[in-house]
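The file model-v1.txt contains compact mmCIF, N, CA and C atoms:
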# COMPACT_ATOMS: atom_id res chain seq x y z
N MET F 33 16.74 14.74 -19.34
CA MET F 33 17.19 13.39 -19.11
C MET F 33 18.71 13.35 -19.19
N ASN F 34 19.32 12.68 -18.26
CA ASN F 34 20.77 12.58 -18.21
C ASN F 34 21.27 11.66 -19.33
N THR F 35 22.22 12.16 -20.12
CA THR F 35 22.81 11.33 -21.17
C THR F 35 24.30 11.13 -20.93
N THR F 36 24.68 11.21 -19.67
CA THR F 36 26.07 11.01 -19.28
C THR F 36 26.15 9.81 -18.35
N TYR F 37 27.12 8.96 -18.60
CA TYR F 37 27.34 7.80 -17.73
C TYR F 37 27.76 8.27 -16.34
N VAL F 38 27.06 7.77 -15.33
CA VAL F 38 27.40 8.05 -13.94
C VAL F 38 27.48 6.69 -13.24
N PRO F 39 28.67 6.30 -12.76
CA PRO F 39 28.84 4.98 -12.15
C PRO F 39 27.84 4.70 -11.02
N GLY F 40 27.20 3.55 -11.10
CA GLY F 40 26.26 3.16 -10.07
C GLY F 40 24.95 3.91 -10.08
N VAL F 41 24.77 4.80 -11.06
CA VAL F 41 23.56 5.63 -11.11
C VAL F 41 22.86 5.50 -12.45
N CYS F 42 23.58 5.73 -13.54
CA CYS F 42 22.98 5.79 -14.86
C CYS F 42 23.95 5.22 -15.89
N ASN F 43 23.53 4.15 -16.59
CA ASN F 43 24.42 3.57 -17.59
C ASN F 43 23.76 3.36 -18.96
N ILE F 44 22.52 3.86 -19.12
CA ILE F 44 21.86 3.78 -20.42
C ILE F 44 21.19 5.10 -20.78
N GLY F 45 21.12 5.34 -22.08
CA GLY F 45 20.50 6.55 -22.59
C GLY F 45 19.05 6.33 -22.98
N PRO F 46 18.45 7.35 -23.62
CA PRO F 46 17.01 7.32 -23.93
C PRO F 46 16.54 6.12 -24.75
N GLU F 47 17.27 5.73 -25.76
CA GLU F 47 16.84 4.60 -26.59
C GLU F 47 16.84 3.29 -25.80
N GLU F 48 17.88 3.09 -25.01
CA GLU F 48 17.96 1.89 -24.18
C GLU F 48 16.84 1.88 -23.13
N ILE F 49 16.53 3.04 -22.60
CA ILE F 49 15.47 3.16 -21.60
C ILE F 49 14.13 2.76 -22.20
N LYS F 50 13.88 3.16 -23.43
CA LYS F 50 12.63 2.78 -24.10
C LYS F 50 12.50 1.26 -24.20
N GLY F 51 13.58 0.59 -24.51
CA GLY F 51 13.56 -0.87 -24.59
C GLY F 51 13.26 -1.52 -23.25
N ARG F 52 13.84 -0.98 -22.19
CA ARG F 52 13.60 -1.53 -20.86
C ARG F 52 12.15 -1.30 -20.46
N ARG F 53 11.62 -0.12 -20.78
CA ARG F 53 10.22 0.18 -20.46
C ARG F 53 9.29 -0.77 -21.23
N ALA F 54 9.61 -1.04 -22.47
CA ALA F 54 8.80 -1.97 -23.28
C ALA F 54 8.79 -3.36 -22.65
N SER F 55 9.94 -3.81 -22.15
CA SER F 55 9.96 -5.13 -21.51
C SER F 55 9.16 -5.12 -20.20
N GLY F 56 9.13 -3.98 -19.54
CA GLY F 56 8.31 -3.84 -18.34
C GLY F 56 6.83 -3.99 -18.68
N TRP F 57 6.40 -3.32 -19.74
CA TRP F 57 5.00 -3.44 -20.17
C TRP F 57 4.67 -4.86 -20.59
N PHE F 58 5.60 -5.51 -21.30
CA PHE F 58 5.39 -6.88 -21.72
C PHE F 58 5.17 -7.78 -20.50
N GLY F 59 6.04 -7.65 -19.50
CA GLY F 59 5.91 -8.46 -18.29
C GLY F 59 4.61 -8.18 -17.54
N LEU F 60 4.21 -6.92 -17.48
CA LEU F 60 2.98 -6.56 -16.79
C LEU F 60 1.76 -7.15 -17.50
N VAL F 61 1.70 -6.97 -18.82
CA VAL F 61 0.57 -7.51 -19.59
C VAL F 61 0.53 -9.03 -19.48
N LEU F 62 1.69 -9.68 -19.57
CA LEU F 62 1.74 -11.13 -19.44
C LEU F 62 1.28 -11.58 -18.06
N THR F 63 1.69 -10.86 -17.03
CA THR F 63 1.27 -11.19 -15.66
C THR F 63 -0.24 -11.11 -15.53
N ILE F 64 -0.83 -10.05 -16.05
CA ILE F 64 -2.28 -9.87 -15.96
C ILE F 64 -3.01 -10.94 -16.76
N ALA F 65 -2.54 -11.21 -17.98
CA ALA F 65 -3.20 -12.19 -18.84
C ALA F 65 -3.13 -13.60 -18.23
N VAL F 66 -1.94 -14.00 -17.82
CA VAL F 66 -1.78 -15.34 -17.23
C VAL F 66 -2.56 -15.43 -15.92
N GLY F 67 -2.49 -14.37 -15.13
CA GLY F 67 -3.23 -14.36 -13.86
C GLY F 67 -4.73 -14.50 -14.08
N ALA F 68 -5.27 -13.79 -15.06
CA ALA F 68 -6.70 -13.88 -15.35
C ALA F 68 -7.09 -15.29 -15.78
N VAL F 69 -6.28 -15.89 -16.63
CA VAL F 69 -6.56 -17.26 -17.08
C VAL F 69 -6.51 -18.23 -15.90
N LEU F 70 -5.50 -18.08 -15.06
CA LEU F 70 -5.37 -19.00 -13.91
C LEU F 70 -6.50 -18.84 -12.91
N ILE F 71 -7.03 -17.63 -12.79
CA ILE F 71 -8.15 -17.41 -11.87
C ILE F 71 -9.41 -18.06 -12.42
N MET F 72 -9.57 -18.01 -13.75
CA MET F 72 -10.78 -18.58 -14.37
C MET F 72 -10.74 -20.10 -14.47
N LEU F 73 -9.56 -20.67 -14.55
CA LEU F 73 -9.45 -22.13 -14.69
C LEU F 73 -9.63 -22.81 -13.33
N PRO F 74 -10.15 -24.03 -13.35
CA PRO F 74 -10.31 -24.77 -12.09
C PRO F 74 -8.99 -25.44 -11.67
N VAL F 75 -8.02 -24.60 -11.32
CA VAL F 75 -6.73 -25.10 -10.85
C VAL F 75 -6.49 -24.63 -9.42
N SER F 76 -5.56 -25.24 -8.79
CA SER F 76 -5.21 -24.86 -7.42
C SER F 76 -4.72 -23.40 -7.40
N PRO F 77 -5.10 -22.65 -6.39
CA PRO F 77 -4.59 -21.28 -6.28
C PRO F 77 -3.06 -21.23 -6.21
N TRP F 78 -2.45 -22.30 -5.74
CA TRP F 78 -0.99 -22.34 -5.65
C TRP F 78 -0.33 -22.34 -7.03
N THR F 79 -1.09 -22.73 -8.04
CA THR F 79 -0.58 -22.70 -9.41
C THR F 79 -0.23 -21.27 -9.81
N ARG F 80 -0.90 -20.31 -9.21
CA ARG F 80 -0.66 -18.90 -9.53
C ARG F 80 0.73 -18.42 -9.13
N LEU F 81 1.46 -19.25 -8.40
CA LEU F 81 2.83 -18.87 -8.06
C LEU F 81 3.70 -18.70 -9.31
N VAL F 82 3.28 -19.28 -10.42
CA VAL F 82 4.04 -19.10 -11.66
C VAL F 82 4.06 -17.64 -12.10
N LEU F 83 3.17 -16.83 -11.55
CA LEU F 83 3.14 -15.40 -11.88
C LEU F 83 4.41 -14.69 -11.42
N PHE F 84 5.19 -15.38 -10.60
CA PHE F 84 6.47 -14.80 -10.18
C PHE F 84 7.30 -14.40 -11.40
N PHE F 85 7.35 -15.27 -12.39
CA PHE F 85 8.25 -15.05 -13.53
C PHE F 85 7.87 -13.83 -14.37
N PRO F 86 6.64 -13.73 -14.87
CA PRO F 86 6.33 -12.53 -15.66
C PRO F 86 6.33 -11.25 -14.80
N ALA F 87 5.93 -11.38 -13.53
CA ALA F 87 5.93 -10.20 -12.65
C ALA F 87 7.35 -9.70 -12.41
N ALA F 88 8.27 -10.62 -12.19
CA ALA F 88 9.68 -10.23 -11.98
C ALA F 88 10.27 -9.63 -13.25
N ILE F 89 9.91 -10.19 -14.41
CA ILE F 89 10.39 -9.64 -15.68
C ILE F 89 9.86 -8.23 -15.89
N GLY F 90 8.58 -8.05 -15.63
CA GLY F 90 7.99 -6.71 -15.75
C GLY F 90 8.64 -5.72 -14.81
N ALA F 91 8.81 -6.14 -13.57
CA ALA F 91 9.44 -5.26 -12.58
C ALA F 91 10.86 -4.91 -12.99
N LEU F 92 11.60 -5.89 -13.49
CA LEU F 92 12.97 -5.65 -13.92
C LEU F 92 13.01 -4.61 -15.03
N GLY F 93 12.11 -4.73 -15.99
CA GLY F 93 12.07 -3.76 -17.08
C GLY F 93 11.75 -2.36 -16.59
N PHE F 94 10.71 -2.24 -15.79
CA PHE F 94 10.32 -0.92 -15.28
C PHE F 94 11.39 -0.31 -14.36
N LEU F 95 11.99 -1.14 -13.52
CA LEU F 95 13.03 -0.63 -12.62
C LEU F 95 14.26 -0.16 -13.40
N GLN F 96 14.65 -0.92 -14.41
CA GLN F 96 15.79 -0.49 -15.23
C GLN F 96 15.48 0.82 -15.94
N ALA F 97 14.27 0.94 -16.47
CA ALA F 97 13.88 2.19 -17.14
C ALA F 97 13.86 3.34 -16.14
N GLY F 98 13.27 3.10 -14.98
CA GLY F 98 13.17 4.15 -13.98
C GLY F 98 14.50 4.61 -13.42
N PHE F 99 15.41 3.67 -13.23
CA PHE F 99 16.74 4.00 -12.70
C PHE F 99 17.73 4.40 -13.80
N HIS F 100 17.31 4.25 -15.08
CA HIS F 100 18.21 4.53 -16.22
C HIS F 100 19.46 3.67 -16.11
N PHE F 101 19.22 2.40 -15.77
CA PHE F 101 20.35 1.52 -15.49
C PHE F 101 20.06 0.11 -15.99
N CYS F 102 20.92 -0.41 -16.86
CA CYS F 102 20.78 -1.77 -17.38
C CYS F 102 21.58 -2.73 -16.51
N VAL F 103 20.88 -3.73 -16.00
CA VAL F 103 21.50 -4.73 -15.14
C VAL F 103 22.57 -5.52 -15.89
N ALA F 104 22.26 -5.93 -17.11
CA ALA F 104 23.23 -6.70 -17.89
C ALA F 104 24.50 -5.90 -18.14
N TYR F 105 24.34 -4.64 -18.54
CA TYR F 105 25.52 -3.79 -18.76
C TYR F 105 26.29 -3.61 -17.46
N GLY F 106 25.56 -3.41 -16.37
CA GLY F 106 26.20 -3.19 -15.08
C GLY F 106 27.03 -4.38 -14.62
N THR F 107 26.56 -5.58 -14.90
CA THR F 107 27.32 -6.76 -14.49
C THR F 107 28.48 -7.05 -15.42
N GLN F 108 28.40 -6.55 -16.66
CA GLN F 108 29.45 -6.81 -17.64
C GLN F 108 30.47 -5.68 -17.78
N GLY F 109 30.26 -4.60 -17.03
CA GLY F 109 31.19 -3.48 -17.12
C GLY F 109 31.03 -2.68 -18.39
N LEU F 110 29.78 -2.45 -18.80
CA LEU F 110 29.49 -1.71 -20.02
C LEU F 110 28.52 -0.57 -19.74
N PHE F 111 28.41 0.36 -20.69
CA PHE F 111 27.38 1.37 -20.66
C PHE F 111 27.05 1.80 -22.08
N SER F 112 25.84 2.34 -22.27
CA SER F 112 25.41 2.76 -23.60
C SER F 112 24.54 3.99 -23.44
N MET F 113 25.11 5.13 -23.75
CA MET F 113 24.41 6.40 -23.59
C MET F 113 23.90 6.95 -24.93
N GLY F 114 23.93 6.13 -25.97
CA GLY F 114 23.44 6.57 -27.26
C GLY F 114 24.50 6.60 -28.34
N ASN F 115 25.74 6.40 -27.96
CA ASN F 115 26.85 6.40 -28.93
C ASN F 115 27.46 5.01 -29.05
N GLY F 116 26.64 3.99 -28.93
CA GLY F 116 27.16 2.62 -28.94
C GLY F 116 27.51 2.17 -27.54
N THR F 117 27.84 0.91 -27.44
CA THR F 117 28.19 0.33 -26.15
C THR F 117 29.68 0.51 -25.90
N GLU F 118 30.00 0.98 -24.70
CA GLU F 118 31.39 1.23 -24.33
C GLU F 118 31.71 0.49 -23.04
N SER F 119 32.99 0.27 -22.81
CA SER F 119 33.45 -0.41 -21.60
C SER F 119 33.72 0.58 -20.48
N VAL F 120 33.45 0.13 -19.27
CA VAL F 120 33.79 0.91 -18.08
C VAL F 120 35.24 0.57 -17.75
N SER F 121 36.08 1.58 -17.72
CA SER F 121 37.51 1.32 -17.57
C SER F 121 37.97 1.19 -16.11
N GLN F 122 37.39 1.95 -15.21
CA GLN F 122 37.87 1.95 -13.82
C GLN F 122 37.18 0.86 -13.00
N GLN F 123 37.98 0.11 -12.29
CA GLN F 123 37.48 -1.00 -11.46
C GLN F 123 36.50 -0.51 -10.40
N GLU F 124 36.74 0.65 -9.82
CA GLU F 124 35.84 1.21 -8.80
C GLU F 124 34.45 1.47 -9.40
N PHE F 125 34.41 1.98 -10.63
CA PHE F 125 33.15 2.24 -11.31
C PHE F 125 32.41 0.93 -11.62
N ARG F 126 33.17 -0.09 -12.03
CA ARG F 126 32.57 -1.39 -12.31
C ARG F 126 31.91 -1.95 -11.05
N LYS F 127 32.57 -1.80 -9.91
CA LYS F 127 32.04 -2.29 -8.64
C LYS F 127 30.74 -1.56 -8.29
N GLN F 128 30.70 -0.25 -8.48
CA GLN F 128 29.49 0.52 -8.22
C GLN F 128 28.34 0.05 -9.11
N ASP F 129 28.65 -0.23 -10.37
CA ASP F 129 27.63 -0.71 -11.29
C ASP F 129 27.13 -2.10 -10.90
N GLN F 130 28.03 -2.95 -10.44
CA GLN F 130 27.63 -4.29 -10.02
C GLN F 130 26.71 -4.23 -8.80
N VAL F 131 27.02 -3.35 -7.87
CA VAL F 131 26.18 -3.18 -6.68
C VAL F 131 24.79 -2.72 -7.08
N LYS F 132 24.71 -1.76 -7.99
CA LYS F 132 23.41 -1.26 -8.46
C LYS F 132 22.64 -2.38 -9.16
N SER F 133 23.33 -3.19 -9.96
CA SER F 133 22.68 -4.31 -10.66
C SER F 133 22.07 -5.29 -9.67
N VAL F 134 22.79 -5.62 -8.62
CA VAL F 134 22.29 -6.55 -7.60
C VAL F 134 21.06 -5.97 -6.91
N LYS F 135 21.07 -4.68 -6.64
CA LYS F 135 19.91 -4.03 -6.00
C LYS F 135 18.68 -4.13 -6.89
N ILE F 136 18.84 -3.83 -8.16
CA ILE F 136 17.70 -3.87 -9.08
C ILE F 136 17.17 -5.30 -9.22
N ILE F 137 18.06 -6.26 -9.32
CA ILE F 137 17.63 -7.67 -9.40
C ILE F 137 16.90 -8.07 -8.13
N THR F 138 17.41 -7.67 -6.99
CA THR F 138 16.78 -7.98 -5.71
C THR F 138 15.38 -7.39 -5.63
N TYR F 139 15.24 -6.12 -6.01
CA TYR F 139 13.92 -5.48 -6.01
C TYR F 139 12.95 -6.22 -6.93
N SER F 140 13.43 -6.62 -8.10
CA SER F 140 12.59 -7.33 -9.07
C SER F 140 12.12 -8.67 -8.51
N VAL F 141 13.02 -9.39 -7.90
CA VAL F 141 12.67 -10.69 -7.31
C VAL F 141 11.64 -10.50 -6.19
N LEU F 142 11.85 -9.51 -5.35
CA LEU F 142 10.91 -9.26 -4.26
C LEU F 142 9.53 -8.89 -4.79
N ILE F 143 9.48 -8.07 -5.83
CA ILE F 143 8.19 -7.71 -6.43
C ILE F 143 7.53 -8.95 -7.01
N GLY F 144 8.30 -9.79 -7.69
CA GLY F 144 7.76 -11.03 -8.24
C GLY F 144 7.19 -11.93 -7.16
N ILE F 145 7.88 -12.02 -6.05
CA ILE F 145 7.40 -12.85 -4.92
C ILE F 145 6.10 -12.29 -4.36
N VAL F 146 6.06 -10.99 -4.15
CA VAL F 146 4.85 -10.37 -3.59
C VAL F 146 3.65 -10.59 -4.52
N VAL F 147 3.85 -10.38 -5.81
CA VAL F 147 2.76 -10.58 -6.77
C VAL F 147 2.31 -12.04 -6.77
N ALA F 148 3.25 -12.97 -6.84
CA ALA F 148 2.92 -14.39 -6.91
C ALA F 148 2.20 -14.86 -5.65
N VAL F 149 2.74 -14.53 -4.51
CA VAL F 149 2.12 -14.97 -3.24
C VAL F 149 0.77 -14.27 -3.06
N GLY F 150 0.72 -13.00 -3.40
CA GLY F 150 -0.55 -12.27 -3.31
C GLY F 150 -1.63 -12.87 -4.19
N SER F 151 -1.24 -13.34 -5.36
CA SER F 151 -2.22 -13.92 -6.29
C SER F 151 -2.83 -15.21 -5.76
N VAL F 152 -2.13 -15.90 -4.90
CA VAL F 152 -2.66 -17.14 -4.32
C VAL F 152 -3.89 -16.84 -3.48
N PHE F 153 -3.95 -15.68 -2.87
CA PHE F 153 -5.03 -15.33 -1.95
C PHE F 153 -6.16 -14.55 -2.60
N ILE F 154 -6.13 -14.43 -3.92
CA ILE F 154 -7.22 -13.72 -4.63
C ILE F 154 -8.40 -14.66 -4.78

How does this structure look as structure tokens?
Amino acid sequence: MNTTYVPGVCNIGPEEIKGRRASGWFGLVLTIAVGAVLIMLPVSPWTRLVLFFPAAIGALGFLQAGFHFCVAYGTQGLFSMGNGTESVSQQEFRKQDQVKSVKIITYSVLIGIVVAVGSVFI
């Protein structure tokens, strides 16, 4: 596992990755639990669109863990490879991190949309 900061590629170490993975599992379990309840209740299938939120949260956690990249750190110009949180000094590196953050957020939103819209048709 890479424990070196690489702009736009990797900005968190193993401990931070574990936290992101845990939030991914939390979002996934919440999505399944809420989805199951909504399917069993006599509510409109369109109500299931609320699954967007836990699905996007889960996706965000798993994507950050998989990419070894924290969106919050990337947008704030920070990184944490296990020796505390440090600042990214070069503006070019900060820009690369911001671009990566936007990509991960976009992927998470798209996954949330697909899950939510898909759940309406179950």

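Minimum distance to Asp129 of chain F across F:Ala68, F:Leu110, F:Ile49, F:Leu60 (counting only C-alpha atoms) occurs at F:Leu110.
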
Review point. Which of these, F:Ile71, F:Ile154, F:Ala88, F:Val61, has the shortest distance to Val141 of chain F once you count only N, CA and C atoms?
Key: F:Ala88

Exercise for review: Determine which residues of segment 80-132 of chain F DSSP labels as strand (DSSP E) from the backbone of this structure, then write them out as a PyMOL selection string.
Suggested key: chain F and resi 110-112+117-119

Check your understanding: What does the distance from atom CA of Gly93 of chain F to atom CA of Ser55 of chain F come to in Å, to one decimal?
Key -> 5.1 Å

Review point. Hey, can you check how far atom CA of Thr35 of chain F sits from atom CA of Gly114 of chain F?
Key: 7.8 Å

Could you give me the centre and size, in Å to one decimal, of an axis-aligned box around all listed atoms of segment 108-127 of chain F with 5 Å added on every side, as lines of an AutoDock Vina configuration file?
center_x = 30.7
center_y = 0.1
center_z = -18.7
size_x = 24.5
size_y = 23.8
size_z = 30.8

Practice item. May I have the residues within 7 Å of segment 74-78 of chain F as a list in words, using only N, CA and C atoms and disregarding those fewer than 6 positions away in the same chain? Key: Ser151, Val152 and Phe153 of chain F

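Selecting alpha helix (DSSP H) from the backbone DSSP output for segment 101-135 of chain F yields Val103, Ala104, Tyr105, Gly106, Thr107, Gln108, Gln123, Glu124, Phe125, Arg126, Lys127, Gln128, Asp129, Gln130, Val131, Lys132, Ser133, Val134 and Lys135 of chain F.
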
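Checking F:Gly116, F:Pro46, F:Gly106, F:Gly67 one by one against Ala87 of chain F, counting only C-alpha atoms, you find the shortest gap at F:Gly67.
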
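Counting only N, CA and C atoms, the residue from F:Val41, F:Met113, F:Val146, F:Val66 that sits nearest to Lys132 of chain F is F:Val41.
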
Practice item. Provide the atom C of Phe125 of chain F to atom C of Ile137 of chain F distance in Å, to one decimal place. Key: 18.3 Å

Exercise for review: May I have the residues at most 9 Å from (10.8, -6.7, -11.8) in the file's coordinates, counting only C-alpha atoms, as a PyMOL selection string?
Suggested key: chain F and resi 56+59+85-96+136-144

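With distances restricted to all atoms listed in the file, F:Ser112 is the closest residue to Asn43 of chain F from F:Thr107, F:Val147, F:Thr63, F:Ser112.
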